[in-house]
$ cat run.csv   # CSV, C-alpha atoms and all ligand atoms
chain,number,residue,atom,x,y,z
S,1,MET,CA,-156.8,173.0,211.4
S,2,LYS,CA,-158.7,176.3,211.4
S,3,PHE,CA,-159.5,177.7,208.0
S,4,ARG,CA,-157.7,180.9,208.8
S,5,LYS,CA,-154.5,178.9,209.4
S,6,ILE,CA,-155.0,177.0,206.1
S,7,LEU,CA,-155.3,180.3,204.2
S,8,PHE,CA,-152.3,181.7,205.9
S,9,VAL,CA,-150.2,178.6,205.1
S,10,LEU,CA,-151.4,178.8,201.5
S,11,LEU,CA,-150.3,182.5,201.3
S,12,ILE,CA,-146.8,181.5,202.7
S,13,LEU,CA,-146.6,178.6,200.2
S,14,GLN,CA,-147.4,181.0,197.4
S,15,VAL,CA,-144.7,183.4,198.5
S,16,LEU,CA,-142.1,180.5,198.7
S,17,PHE,CA,-143.2,179.2,195.3
S,18,THR,CA,-142.9,182.7,193.7
S,19,VAL,CA,-139.5,183.3,195.1
S,20,GLY,CA,-138.4,179.7,194.1
S,21,MET,CA,-139.5,180.4,190.5
S,22,LYS,CA,-137.6,183.7,190.5
S,23,PHE,CA,-134.4,181.7,191.4
S,24,LEU,CA,-135.0,179.3,188.6
S,25,SER,CA,-135.4,182.2,186.2
S,26,TYR,CA,-132.2,183.6,187.5
S,27,ILE,CA,-130.4,180.3,186.8
S,28,GLY,CA,-131.9,179.6,183.4
S,29,ASP,CA,-130.9,176.6,181.3
S,30,ASP,CA,-127.3,176.0,180.5
S,31,SER,CA,-127.6,172.6,178.8
S,32,PRO,CA,-124.9,172.2,176.1
S,33,GLU,CA,-127.5,171.1,173.5
S,34,LEU,CA,-129.5,174.3,173.9
S,35,GLN,CA,-126.3,176.3,173.8
S,36,THR,CA,-125.3,174.7,170.4
S,37,HIS,CA,-128.8,175.5,168.9
S,38,ILE,CA,-128.6,179.1,170.1
S,39,LEU,CA,-125.1,179.7,168.9
S,40,LYS,CA,-126.2,178.8,165.3
S,41,TYR,CA,-128.2,182.1,165.2
S,42,PHE,CA,-126.7,184.2,168.0
S,43,THR,CA,-123.4,185.1,169.5
S,44,GLN,CA,-122.2,184.3,173.1
S,45,SER,CA,-122.5,188.0,173.8
S,46,ASP,CA,-126.2,188.0,172.8
S,47,ILE,CA,-126.7,185.2,175.3
S,48,GLU,CA,-124.9,187.1,178.0
S,49,LYS,CA,-126.7,190.3,177.3
S,50,GLY,CA,-130.1,188.4,177.7
S,51,ILE,CA,-128.9,186.9,181.0
S,52,GLU,CA,-127.8,190.3,182.3
S,53,TYR,CA,-131.1,192.0,181.3
S,54,GLY,CA,-133.2,189.1,182.7
S,55,ARG,CA,-131.3,189.2,186.0
S,56,ARG,CA,-131.6,193.0,186.4
S,57,GLY,CA,-132.6,194.1,189.9
S,58,PHE,CA,-133.1,190.5,191.0
S,59,PHE,CA,-133.1,191.1,194.7
S,60,VAL,CA,-135.1,194.3,194.4
S,61,ARG,CA,-137.7,192.4,192.4
S,62,ILE,CA,-138.0,189.7,195.1
S,63,PHE,CA,-138.2,192.4,197.8
S,64,SER,CA,-141.0,194.2,195.9
S,65,GLN,CA,-143.0,191.0,195.4
S,66,ILE,CA,-142.7,190.1,199.1
S,67,ILE,CA,-143.9,193.6,200.1
S,68,ASP,CA,-147.0,193.1,197.9
S,69,PHE,CA,-147.7,189.8,199.7
S,70,ILE,CA,-147.2,191.4,203.1
S,71,ILE,CA,-149.7,194.2,202.3
S,72,LEU,CA,-152.3,191.7,201.1
S,73,GLY,CA,-151.7,189.6,204.2
S,74,LEU,CA,-152.1,192.7,206.5
S,75,PHE,CA,-155.4,193.6,204.9
S,76,VAL,CA,-156.7,190.0,205.1
S,77,PHE,CA,-155.5,188.8,208.5
S,78,THR,CA,-155.8,192.0,210.5
S,79,SER,CA,-158.8,194.3,211.1
S,80,LEU,CA,-157.3,197.0,208.9
S,81,ALA,CA,-159.8,196.7,206.0
S,82,ASN,CA,-162.7,196.9,208.4
S,83,ARG,CA,-161.3,199.9,210.2
S,84,ILE,CA,-160.8,201.8,207.0
S,85,GLU,CA,-164.4,200.9,205.9
S,86,ASN,CA,-165.9,201.9,209.2
S,87,TYR,CA,-164.1,205.2,209.0
S,88,LEU,CA,-165.2,205.9,205.4
S,89,GLU,CA,-168.8,205.0,206.4
S,90,LYS,CA,-168.6,207.6,209.1
S,91,ILE,CA,-167.3,210.4,207.0
S,92,THR,CA,-169.8,209.7,204.1
S,93,ASN,CA,-172.8,209.2,206.3
S,94,ASN,CA,-173.1,205.5,205.2
S,95,ARG,CA,-173.3,206.3,201.5
S,96,TYR,CA,-172.4,202.9,200.0
S,97,TYR,CA,-171.1,203.9,196.5
S,98,ALA,CA,-169.1,206.8,198.0
S,99,VAL,CA,-167.5,204.2,200.4
S,100,VAL,CA,-166.7,201.9,197.5
S,101,VAL,CA,-165.0,204.6,195.5
S,102,LEU,CA,-163.0,206.0,198.5
S,103,PHE,CA,-162.0,202.5,199.6
S,104,PHE,CA,-160.8,201.8,196.2
S,105,LEU,CA,-158.8,205.1,196.1
S,106,VAL,CA,-157.2,204.4,199.5
S,107,PHE,CA,-156.2,200.9,198.4
S,108,SER,CA,-154.8,202.2,195.1
S,109,LEU,CA,-153.0,205.0,196.8
S,110,ILE,CA,-151.2,202.7,199.2
S,111,GLU,CA,-150.3,200.4,196.3
S,112,PHE,CA,-149.1,203.4,194.2
S,113,ILE,CA,-147.0,205.0,196.9
S,114,LEU,CA,-145.3,201.7,197.8
S,115,SER,CA,-144.7,200.8,194.1
S,116,ILE,CA,-143.2,204.2,193.1
S,117,PRO,CA,-139.6,203.5,194.1
S,118,PHE,CA,-139.7,200.2,192.2
S,119,GLN,CA,-141.4,201.7,189.2
S,120,PHE,CA,-138.6,204.4,189.1
S,121,TYR,CA,-135.9,201.8,189.5
S,122,PHE,CA,-137.1,199.4,186.9
S,123,GLY,CA,-138.9,201.7,184.5
S,124,TYR,CA,-136.4,204.6,184.6
S,125,ILE,CA,-133.0,203.8,186.0
S,126,LEU,CA,-132.5,200.2,184.7
S,127,GLU,CA,-134.3,201.0,181.3
S,128,HIS,CA,-131.8,203.8,180.8
S,129,GLN,CA,-128.9,201.7,181.9
S,130,PHE,CA,-129.7,199.0,179.3
S,131,GLY,CA,-130.2,201.7,176.6
S,132,PHE,CA,-134.0,201.2,176.2
S,133,SER,CA,-135.7,204.3,177.6
S,134,LYS,CA,-135.4,207.6,175.9
S,135,MET,CA,-137.5,209.5,178.4
S,136,THR,CA,-136.2,212.4,180.4
S,137,PHE,CA,-137.1,212.4,184.1
S,138,ILE,CA,-140.0,214.8,183.6
S,139,GLU,CA,-141.4,212.7,180.7
S,140,TRP,CA,-141.2,209.6,182.8
S,141,VAL,CA,-143.1,211.4,185.6
S,142,ILE,CA,-145.8,212.5,183.2
S,143,TYR,CA,-146.0,209.0,181.6
S,144,THR,CA,-146.3,207.3,185.1
S,145,ALA,CA,-148.9,209.8,186.3
S,146,LYS,CA,-151.0,209.3,183.1
S,147,SER,CA,-150.8,205.5,183.5
S,148,ALA,CA,-151.8,205.7,187.1
S,149,LEU,CA,-154.8,208.1,186.4
S,150,VAL,CA,-156.0,205.9,183.5
S,151,GLY,CA,-155.7,202.8,185.7
S,152,VAL,CA,-157.6,204.5,188.6
S,153,GLY,CA,-160.3,205.8,186.2
S,154,PHE,CA,-161.0,202.4,184.8
S,155,GLY,CA,-160.7,200.8,188.2
S,156,ILE,CA,-163.4,203.1,189.6
S,157,VAL,CA,-165.8,202.3,186.8
S,158,ILE,CA,-165.3,198.6,187.1
S,159,ALA,CA,-165.5,198.7,191.0
S,160,LEU,CA,-168.8,200.7,190.8
S,161,ALA,CA,-170.2,198.3,188.2
S,162,ALA,CA,-169.2,195.2,190.2
S,163,ALA,CA,-170.5,196.8,193.5
S,164,PHE,CA,-173.8,197.7,191.9
S,165,THR,CA,-174.3,194.2,190.6
S,166,LEU,CA,-173.2,192.5,193.8
S,167,LYS,CA,-175.5,194.6,195.9
S,168,THR,CA,-178.6,194.8,193.7
S,169,PHE,CA,-178.7,191.2,192.4
S,170,GLN,CA,-177.7,189.2,195.4
S,171,LYS,CA,-178.9,185.9,193.9
S,172,THR,CA,-177.9,186.3,190.3
S,173,TRP,CA,-174.6,188.3,190.4
S,174,LYS,CA,-172.7,185.1,189.7
S,175,TYR,CA,-174.2,185.1,186.2
S,176,LEU,CA,-174.4,188.8,185.6
S,177,LEU,CA,-170.7,189.6,186.4
S,178,PRO,CA,-169.3,187.4,183.7
S,179,ILE,CA,-171.8,188.8,181.1
S,180,GLY,CA,-170.8,192.3,182.3
S,181,SER,CA,-167.1,191.6,181.9
S,182,LEU,CA,-167.7,190.0,178.4
S,183,SER,CA,-169.6,193.2,177.2
S,184,LEU,CA,-166.9,195.4,178.8
S,185,SER,CA,-164.0,193.6,177.0
S,186,LEU,CA,-165.8,193.8,173.7
S,187,ILE,CA,-166.6,197.5,174.0
S,188,PHE,CA,-163.1,198.1,175.4
S,189,SER,CA,-161.4,196.4,172.4
S,190,ILE,CA,-163.1,198.9,170.1
S,191,LEU,CA,-162.7,202.0,172.3
S,192,TYR,CA,-159.1,201.4,173.3
S,193,PRO,CA,-157.5,202.9,170.1
S,194,ILE,CA,-160.0,205.8,170.2
S,195,LEU,CA,-159.8,206.7,173.9
S,196,ILE,CA,-156.5,205.3,175.4
S,197,THR,CA,-153.9,205.2,172.6
S,198,PRO,CA,-154.1,209.0,172.0
S,199,ILE,CA,-153.4,209.7,175.7
S,200,PHE,CA,-149.9,208.2,175.3
S,201,TYR,CA,-149.1,208.4,171.6
S,202,ASP,CA,-149.4,210.4,168.5
S,203,TYR,CA,-150.4,208.3,165.5
S,204,LYS,CA,-150.9,208.9,161.9
S,205,PRO,CA,-151.9,206.8,158.8
S,206,ILE,CA,-149.0,205.0,157.2
S,207,GLU,CA,-147.3,207.0,154.3
S,208,GLU,CA,-148.0,205.9,150.7
S,209,GLY,CA,-145.1,203.7,149.5
S,210,THR,CA,-143.8,200.2,149.0
S,211,LEU,CA,-144.5,199.1,152.6
S,212,LYS,CA,-148.1,200.1,152.4
S,213,THR,CA,-148.5,198.4,149.0
S,214,LYS,CA,-147.1,195.2,150.6
S,215,ILE,CA,-149.4,195.4,153.6
S,216,VAL,CA,-152.4,195.8,151.3
S,217,ALA,CA,-151.3,192.8,149.3
S,218,LEU,CA,-150.8,190.8,152.4
S,219,CYS,CA,-154.3,191.5,153.7
S,220,GLU,CA,-155.7,190.6,150.3
S,221,THR,CA,-153.8,187.2,150.4
S,222,ALA,CA,-155.2,186.6,153.9
S,223,LYS,CA,-158.7,187.7,152.7
S,224,ILE,CA,-159.2,190.2,155.6
S,225,GLN,CA,-160.6,193.7,155.6
S,226,VAL,CA,-158.6,196.4,157.2
S,227,GLU,CA,-160.0,199.9,157.7
S,228,ASP,CA,-156.6,201.7,158.2
S,229,VAL,CA,-153.0,201.1,159.0
S,230,TYR,CA,-151.4,203.5,161.5
S,231,VAL,CA,-147.9,204.2,162.7
S,232,ILE,CA,-147.5,205.2,166.4
S,233,ASN,CA,-144.5,207.0,167.9
S,234,GLU,CA,-143.2,204.5,170.4
S,235,SER,CA,-139.7,205.9,169.7
S,236,LYS,CA,-140.6,208.8,171.9
S,237,TYR,CA,-140.6,206.4,174.9
S,238,SER,CA,-138.3,203.4,174.1
S,239,GLY,CA,-136.6,201.2,171.5
S,240,HIS,CA,-139.0,198.3,172.1
S,241,THR,CA,-140.8,197.1,168.9
S,242,ASN,CA,-144.4,195.9,168.4
S,243,ALA,CA,-147.4,195.7,166.1
S,244,TYR,CA,-151.0,194.9,166.9
S,245,PHE,CA,-154.6,194.9,165.6
S,246,THR,CA,-157.7,196.3,167.1
S,247,GLY,CA,-161.4,196.3,166.4
S,248,TRP,CA,-163.8,193.8,164.8
S,249,GLY,CA,-165.1,193.1,161.3
S,250,ASN,CA,-164.7,196.0,158.9
S,251,ASN,CA,-163.6,198.2,161.8
S,252,ARG,CA,-160.2,196.5,162.1
S,253,LYS,CA,-157.1,198.7,162.3
S,254,ILE,CA,-153.5,197.8,162.2
S,255,PHE,CA,-151.0,199.7,164.5
S,256,LEU,CA,-147.3,199.5,163.8
S,257,TYR,CA,-144.7,200.9,166.2
S,258,ASP,CA,-142.4,203.4,164.3
S,259,THR,CA,-139.5,201.5,166.0
S,260,LEU,CA,-140.5,198.3,164.1
S,261,ILE,CA,-140.4,200.1,160.7
S,262,LYS,CA,-137.1,201.8,161.5
S,263,ASN,CA,-135.3,198.7,162.7
S,264,HIS,CA,-136.7,196.1,160.3
S,265,THR,CA,-136.7,195.5,156.5
S,266,GLU,CA,-140.1,195.7,154.8
S,267,GLU,CA,-140.2,191.9,154.4
S,268,GLU,CA,-139.6,191.6,158.2
S,269,VAL,CA,-142.5,194.0,159.0
S,270,ILE,CA,-144.7,191.9,156.7
S,271,SER,CA,-143.7,188.8,158.5
S,272,VAL,CA,-144.6,190.4,161.9
S,273,LEU,CA,-148.0,191.4,160.4
S,274,GLY,CA,-148.5,187.9,159.0
S,275,HIS,CA,-148.2,186.7,162.6
S,276,GLU,CA,-150.8,189.2,163.8
S,277,ILE,CA,-153.1,188.2,161.0
S,278,GLY,CA,-152.6,184.6,162.1
S,279,HIS,CA,-154.1,185.6,165.5
S,280,TRP,CA,-157.1,187.0,163.6
S,281,THR,CA,-157.8,184.2,161.2
S,282,HIS,CA,-157.6,181.7,164.1
S,283,ASN,CA,-160.0,184.0,166.2
S,284,HIS,CA,-157.6,184.1,169.1
S,285,GLN,CA,-158.8,187.4,170.5
S,286,LEU,CA,-162.4,186.1,170.6
S,287,THR,CA,-161.3,182.8,172.1
S,288,SER,CA,-159.4,184.5,174.9
S,289,ILE,CA,-162.3,186.9,175.7
S,290,LEU,CA,-164.7,183.9,175.8
S,291,GLY,CA,-162.2,181.9,177.8
S,292,SER,CA,-161.9,184.6,180.4
S,293,THR,CA,-165.7,184.9,180.6
S,294,ILE,CA,-165.9,181.2,181.5
S,295,GLU,CA,-163.1,181.6,183.9
S,296,ILE,CA,-164.8,184.6,185.6
S,297,PHE,CA,-168.0,182.6,185.8
S,298,LEU,CA,-166.3,179.7,187.6
S,299,LEU,CA,-164.4,182.2,189.8
S,300,CYS,CA,-167.7,183.8,190.8
S,301,LEU,CA,-169.2,180.4,191.7
S,302,ILE,CA,-166.1,179.6,193.8
S,303,LEU,CA,-166.0,183.0,195.5
S,304,GLY,CA,-169.7,182.9,196.3
S,305,PHE,CA,-169.5,179.5,197.9
S,306,PHE,CA,-166.2,180.4,199.6
S,307,PHE,CA,-167.6,183.6,201.1
S,308,GLU,CA,-170.7,182.0,202.6
S,309,PHE,CA,-168.5,179.2,204.0
S,310,VAL,CA,-166.0,181.5,205.6
S,311,LYS,CA,-168.7,183.8,206.9
S,312,LYS,CA,-170.4,180.9,208.7
S,313,GLY,CA,-167.0,179.9,210.3
S,314,ASN,CA,-166.7,183.4,212.0
S,315,GLU,CA,-162.9,183.4,211.7
S,316,PHE,CA,-162.8,186.6,209.8
S,317,ILE,CA,-164.7,189.9,210.5
S,318,LEU,CA,-166.9,189.8,207.3
S,319,LYS,CA,-169.9,192.0,206.5
S,320,GLU,CA,-171.4,191.3,203.1
S,321,ILE,CA,-169.8,190.1,199.9
S,322,TYR,CA,-170.5,193.5,198.4
S,323,SER,CA,-168.8,195.3,201.3
S,324,PRO,CA,-165.4,196.8,200.2
S,325,SER,CA,-163.8,195.3,203.3
S,326,SER,CA,-164.4,191.8,201.9
S,327,LEU,CA,-162.3,192.6,198.9
S,328,PRO,CA,-158.8,191.8,200.3
S,329,LEU,CA,-159.9,188.3,201.3
S,330,LEU,CA,-161.5,187.7,197.9
S,331,PHE,CA,-158.3,189.0,196.2
S,332,LEU,CA,-156.2,186.6,198.2
S,333,VAL,CA,-158.3,183.6,197.0
S,334,ILE,CA,-158.2,184.9,193.4
S,335,SER,CA,-154.4,185.3,193.7
S,336,ILE,CA,-154.0,181.7,195.1
S,337,LEU,CA,-156.2,180.3,192.4
S,338,GLY,CA,-154.3,182.3,189.8
S,339,THR,CA,-151.1,180.4,190.7
S,340,PHE,CA,-152.8,177.4,189.2
S,341,THR,CA,-154.8,178.9,186.4
S,342,SER,CA,-152.2,181.2,184.9
S,343,PRO,CA,-149.9,178.3,183.7
S,344,ILE,CA,-152.9,176.9,181.9
S,345,TRP,CA,-153.6,180.2,180.2
S,346,ASN,CA,-149.9,180.6,179.3
S,347,THR,CA,-149.9,177.1,177.8
S,348,ILE,CA,-152.9,178.0,175.6
S,349,ASN,CA,-151.2,181.3,174.7
S,350,ARG,CA,-148.0,179.6,173.6
S,351,TYR,CA,-150.0,177.2,171.5
S,352,GLN,CA,-151.8,180.1,169.8
S,353,GLU,CA,-148.5,181.9,169.2
S,354,ILE,CA,-147.2,178.8,167.3
S,355,GLN,CA,-150.4,178.8,165.3
S,356,ALA,CA,-149.9,182.5,164.4
S,357,ASP,CA,-146.2,181.8,163.5
S,358,LYS,CA,-147.2,179.1,161.2
S,359,GLU,CA,-149.8,181.3,159.6
S,360,ALA,CA,-147.2,184.0,159.0
S,361,LEU,CA,-145.0,181.4,157.3
S,362,ILE,CA,-147.9,180.2,155.1
S,363,LEU,CA,-149.0,183.8,154.2
S,364,THR,CA,-145.6,185.2,153.4
S,365,ASN,CA,-143.8,182.0,152.3
S,366,ASP,CA,-140.6,183.7,153.6
S,367,LYS,CA,-138.7,181.7,156.2
S,368,LYS,CA,-135.7,183.9,156.0
S,369,SER,CA,-137.5,187.1,157.0
S,370,PHE,CA,-139.3,185.2,159.7
S,371,ILE,CA,-136.1,183.9,161.3
S,372,ASP,CA,-134.3,187.3,160.8
S,373,THR,CA,-137.1,189.0,162.6
S,374,GLU,CA,-136.9,186.6,165.5
S,375,ILE,CA,-133.2,187.1,165.8
S,376,LYS,CA,-133.4,190.9,165.5
S,377,MET,CA,-136.3,191.2,168.0
S,378,ALA,CA,-134.5,189.0,170.5
S,379,ARG,CA,-131.4,191.1,170.2
S,380,ASP,CA,-133.2,194.4,170.3
S,381,ASN,CA,-135.2,193.5,173.3
S,382,LYS,CA,-132.2,191.7,175.0
S,383,SER,CA,-134.4,188.6,175.4
S,384,ARG,CA,-133.3,185.8,177.6
S,385,LEU,CA,-132.3,183.1,175.1
S,386,ASN,CA,-131.8,180.3,177.6
S,387,PRO,CA,-134.7,180.5,180.1
S,388,HIS,CA,-135.3,177.7,182.5
S,389,PRO,CA,-137.8,175.2,181.1
S,390,TRP,CA,-140.1,175.4,184.1
S,391,VAL,CA,-140.2,179.2,183.9
S,392,VAL,CA,-141.2,178.9,180.2
S,393,ASN,CA,-143.9,176.2,181.0
S,394,LEU,CA,-145.4,178.2,183.8
S,395,TYR,CA,-144.9,181.9,183.0
S,396,TYR,CA,-144.1,182.4,179.3
S,397,SER,CA,-146.9,183.6,177.0
S,398,HIS,CA,-144.7,183.0,174.0
S,399,PRO,CA,-142.4,180.1,173.1
S,400,LYS,CA,-138.8,180.9,173.6
S,401,THR,CA,-137.0,182.5,170.6
S,402,ILE,CA,-134.9,179.4,169.6
S,403,ASP,CA,-138.1,177.2,169.6
S,404,ARG,CA,-139.8,179.7,167.2
S,405,ILE,CA,-136.7,179.7,165.0
S,406,LEU,CA,-136.4,175.9,164.9
S,407,MET,CA,-140.2,175.6,164.2
S,408,ALA,CA,-139.7,177.8,161.2
S,409,GLU,CA,-136.6,175.8,160.0
S,410,ASP,CA,-138.7,172.6,160.1
S,411,PHE,CA,-141.8,174.1,158.6
S,412,LYS,CA,-142.8,172.9,155.2
Y,1,ZN,ZN,-148.6,186.7,168.8
$ encode --input "run.csv" --output "structure tokens"
Amino acid sequence: MKFRKILFVLLILQVLFTVGMKFLSYIGDDSPELQTHILKYFTQSDIEKGIEYGRRGFFVRIFSQIIDFIILGLFVFTSLANRIENYLEKITNNRYYAVVVLFFLVFSLIEFILSIPFQFYFGYILEHQFGFSKMTFIEWVIYTAKSALVGVGFGIVIALAAAFTLKTFQKTWKYLLPIGSLSLSLIFSILYPILITPIFYDYKPIEEGTLKTKIVALCETAKIQVEDVYVINESKYSGHTNAYFTGWGNNRKIFLYDTLIKNHTEEEVISVLGHEIGHWTHNHQLTSILGSTIEIFLLCLILGFFFEFVKKGNEFILKEIYSPSSLPLLFLVISILGTFTSPIWNTINRYQEIQADKEALILTNDKKSFIDTEIKMARDNKSRLNPHPWVVNLYYSHPKTIDRILMAEDFK
């Protein structure tokens, strides 16, 4: 069979697999045993609300996913990418970096225009229907525009850096790209709160009081240095709750959503922070940055080999690996490989979440607040309480709520 056909069949299989998994996630897990466990902590209505929220816009979601695959397919299996590149070369007098930027903009614009109806339906209409979003239509437009601009800005920087490396270092790019991405992630994790967070949120240092005293005490127990604790105004956008850490060493900062402080007791906030500290003390951020560096390195080796192989076969109109028109084909390969690698990453993630949960229990010695937090968060976010086990195994980055609660119950 021709290689082109193999790739096409793989794309179709990926579409079928994705749609199949969506159906499993629709069905969920209605085993009586799970039901009994859940009903010890939740009501039947909680379960139903989770099902309803999880199933929202089911057919629209499948439709949107299929459109994405069709666009990718069109770019890979027709001469569209080449024609766009040739046209851009003509209007820029063959200026390579200008072509890279314009090609990226055209690609992003097509993506953006096609995704707008879906973003509006899921991010605005349904989020209001389920009582999450507090944004007016204008606020939503501003938020969406800001996100798109930030995305395009970063995309251009990364595209130019990758294009430069691929074109200038035609023998060593496989080693340089992973190093580049490692440096970018390290820099980005420090710059994010300084550059990106202020675009979307106002944040201020936490007020003096009992909560702050408890946070300082918790950090002392955990023997970690924290530069500052900030509260950010998520309530402007939604009722979703969260907390996270940024930075390294003595530069570490804690960010708490104001929604978390409003909806939870101080002990529960401490439990959430204990979990975040758990990620720190087990070096999860560092592990995942290093892990993805290794993954990118392997991916570069595969893509380099693959590109030469396909180019020799003459089944696709390919110029050079650094030509923008080669991107869609490389994307397709990355996306097919991702079907296999993302379940591995999710399994590692779930393992790390359990580690962090255990650390929270050790640090706070407060099972009750841990379990109450899990219950409240699942309720507030209308989490699916009975997801299908395959969906959890392949796609969930966190263990399902009831597993986290049962782990805490058994923890000594
Ligand atoms: Zn976590």
$ residues_near_ligand --input "run.csv" --ligand "ligand ZN 1 (chain Y)" --cutoff "7 Å" --atoms "all atoms listed in the file" --output "list in words"
His275, Glu276, His279, Glu353 and Ala356 of chain S
$ closest_residue --input "run.csv" --among "S:Met135, S:Leu363, S:Leu394, S:Ile371" --to "Thr341 of chain S" --atoms "only C-alpha atoms"
S:Leu394
$ closest_residue --input "run.csv" --among "S:Thr221, S:Thr287, S:Ser326, S:Ser25" --to "Tyr395 of chain S" --atoms "all atoms listed in the file"
S:Ser25
$ residues_around --input "run.csv" --residues "Ala159 of chain S" --least-positions-apart "3" --cutoff "10 Å" --atoms "only C-alpha atoms" --output "PyMOL selection string"
chain S and resi 97+100-101+104+154-156+162-165+324
$ residues_around --input "run.csv" --residues "Phe120 of chain S" --least-positions-apart "4" --cutoff "10 Å" --atoms "all atoms listed in the file" --output "JSON, numbers by chain"
{"S": [115, 116, 124, 125, 126, 127, 137, 140, 141, 144]}
